[in-house]
Amino acid sequence: VENVFYTRGIKVDIDDFSIITDPTTYKLYCEGRTVGTFQFESAGMQKYLRELQPSTFEDLIAMNALYRPGPMDYIPQFIARKHGKEPIVYDIPIMEKYLKDTYGITVYQEQVMLLSRLLGGFTRGESDTLRKAMGKKLKDKLDELKPKFITGGQKNGHDPKVLEKIWADWEKFASYAFNKSHATCYSWVAFQTAYLKANYPPEFMAAVLSRNLSNIDQITLYMAECKRMGINVLGPDVNKSFHNFSADAEGNVRFGMAAIKGVGEAAVKSIIDERRVNGEFKDIYDFMERVNFSTVNSKCIENMAYAGAFDSLIDFHRSKLTAQDMRSREGDTMLQQLIRYGSKYQADRQSSMQSLFGGMGVAVEIARPTVPVCSEASQIETLKKEREVVGLYLSAHPLDDYKYILDNMCSVQLSDLKDVANSQPRDVSFGGMVIETQHLTSKQGRPYGRFKMEDYSGETHKFSLFGKAYENLRKYLFDDYMLYVKGKIQPRRFQPKDSVSDRPSMELVISSIMQLHEVEEHIKEMFITLPLAELTD
């Protein structure tokens with residue numbers, strides 16, 4: 001809500017119940033786009049929402065109550081009845097009064113309480129005792145209440161056999177009975193988050209990312225969601241970033257400076273306060289002349305440089321800020337020279353202000369460090385440093401140049417290889433970057449190798465090579481190599497002795513490796529698909 005006010009000047013009142021009819025929010029639920037929202041973001045829930053196509057708030061309350069072990073079995077029936085694929089039936093017609101909103105299915109404890117009073121003549125106290133007995137699975141208490149229900153129902157003219165069936169259903173229901181008022185409160189908070197995501201997506205995603213600042217797995221997940229939504233996630237910038245993630249007027253999400261390792265809250269506050277009072281920093285020299293070095297130390301500045309926070313202030317590659325200057329005897333980096341320059345500038349300015357001539361506009365003139373004589377770091381080196389201080393690749397990804405190969409010529413992702421032992425036999429192909437290698441010798445004196453790969457999603461997996469395969473393919477086992485691997489999932493040569501399953505345990509055997517840039521030569525044909533209506537003469 002704060003983000004929306006900052007970027008759009010709109011005060012959103014999410015406690016206003018009129019939002020409960022917002023069509024944009026229901027469209028989001030119907031499409032299962034609930035990542036980042038409260039209560040409804042699991043993959044299973046997204047699937048059921050797409051099938052259910054919720055059109056009322058009651059639908060959401062019911063899904064919230066049903067999506068748990070036990071009641072989940074009723075979800076397909078609930079969906080079928082909503083869409084008229086299965087008739088809505090009531091054991092006794094008057095039960096429609098309390099079961100209409102849930103398509104004839106008992107979902108809540110409150111429905112049981114109301115029906116026990118309607119059918120069996122229970123008092124309010126007795127119906128509450130029934131609720132407690134069901135919630136706590138008190139069989140003795142349920143057995144005590146059952147004859148009262150059957151007798152009371154018969155007095156009201158209902159068939160005892162039907163009453164027996166209803167009671168048996170309720171006893172099964174007891175193990176998962178959910179409180180409707182509880183589900184309603186949860187669903188209202190969930191709806192508020194979905195309303196914000198549907199109507200103010202960049203501001204909402206910035207808030208979700210900020211909430212998970214220290215959880216890199218969650219940040220990666222929500223950044224992928226931003227990408228799916230068409231929202232650009234921009235790296236930290238000393239002129240644009242705030243403490244946490246923020247949204248801008250163009251609909252982008254900007255990384256917060258606090259997400260950079262080694263950049264503390266006091267340092268971020270100092271930079272933002274200076275920017276607010278005296279305007280944005282004009283260039284890297286202006287930053288050094290104005291920054292408070294007592295709160296923003298050299299390590300903090302170095303990590304900000306690795307993260308790309310100064311990219312908008314310099315017209316050369318960021319790696320030159322942290323590379324050793326070949327002209328310097330001490331091997332200083334440009335950043336170290338800049339920090340010394342800034343400290344001296346501020347000290348001289350302070351002393352000139354305190355001198356007799358302080359009020360006469362005496363200018364401080366100190367030679368500014370120039371761009372160092374050094375080689376520019378490779379993209380991989382730059383991205384590795386970026387990942388070290390931010391936790392993930394931001395400005396680019398080392399595998400960007402091979403995205404079309406990874407998307408079109410790989411049959412599996414590394415995440416699909418997590419449970420190879422229980423997989424089906426098949427040929428597989430996958431790609432990624434080598435991030436760790438080991439060249440080892442077995443107890444028998446035979447050489448073998450291990451290597452770890454990472455793919456586009458950040459998923460990693462370890463592989464081993466033995467015998468001839470290792471001899472032939474060891475030339476590919478180097479850090480930062482971009483590889484395309486083919487192999488076969490097949491039964492293990494030696495099956496585990498403690499296996500209780502009839503199915504054989506499987507393993508992945510690598511048959512060939514090549515570098516990703518070599519794969520292009522092996523592309524034999526490409527297919528282009530486009531709408532027929534768009535073809536012209």
# chains A, B, ... in the order shown; residues from 1 in each chain; ligands from 1
$ select_by_dssp --residues "stretch 158-351 of chain A" --states "strand (DSSP E)" --output "compact mmCIF listing (two decimals) with C-alpha atoms, in the first residue's frame"
# COMPACT_ATOMS: atom_id res chain seq x y z
CA VAL A 233 13.64 -6.56 -11.99
CA LEU A 234 16.45 -4.03 -12.13
CA SER A 246 10.77 -0.76 -4.65
CA ALA A 247 8.60 -0.11 -7.70
CA VAL A 253 10.91 -3.45 -9.62
CA ARG A 254 14.25 -2.19 -8.32
$ residues_around --residues "stretch 204-215 of chain A" --least-positions-apart "6" --cutoff "10 Å" --atoms "only C-alpha atoms" --output "PyMOL selection string"
chain A and resi 1-4+35-37+193-198+221-223+225-226+229+231+233+243-248+252-256+258-260+391
$ closest_residue --among "A:Arg68, A:Arg340, A:Arg81, A:Lys136" --to "A:Asn297" --atoms "only C-alpha atoms"
A:Arg340
$ residues_around --residues "A:Ile339" --least-positions-apart "2" --cutoff "9 Å" --atoms "only C-alpha atoms" --output "PDB file with C-alpha atoms, in the first residue's frame"
ATOM      1  CA  MET A 288      32.739  10.163  -2.965  1.00  0.00           C
ATOM      2  CA  GLU A 289      32.651  13.902  -2.213  1.00  0.00           C
ATOM      3  CA  PHE A 293      32.546   7.469   5.257  1.00  0.00           C
ATOM      4  CA  SER A 298      35.247   0.772   1.994  1.00  0.00           C
ATOM      5  CA  ILE A 301      31.399   0.537  -1.297  1.00  0.00           C
ATOM      6  CA  MET A 334      40.358   2.821  -8.540  1.00  0.00           C
ATOM      7  CA  LEU A 335      37.890   2.461  -5.669  1.00  0.00           C
ATOM      8  CA  GLN A 336      40.672   2.744  -3.086  1.00  0.00           C
ATOM      9  CA  GLN A 337      41.970   5.850  -4.877  1.00  0.00           C
ATOM     10  CA  TYR A 341      40.140  11.275  -2.783  1.00  0.00           C
ATOM     11  CA  GLY A 342      36.703  11.587  -1.167  1.00  0.00           C
ATOM     12  CA  SER A 343      38.092  11.566   2.370  1.00  0.00           C
ATOM     13  CA  LYS A 344      40.686  14.264   1.504  1.00  0.00           C
TER      14      LYS A 344
END
$ residues_around --residues "A:Val291" --least-positions-apart "2" --cutoff "12 Å" --atoms "only C-alpha atoms" --output "number ranges by chain"
A: 238, 267-275, 278, 280-281, 284-289, 293-298, 300-301, 338-339, 341-343, 345-346
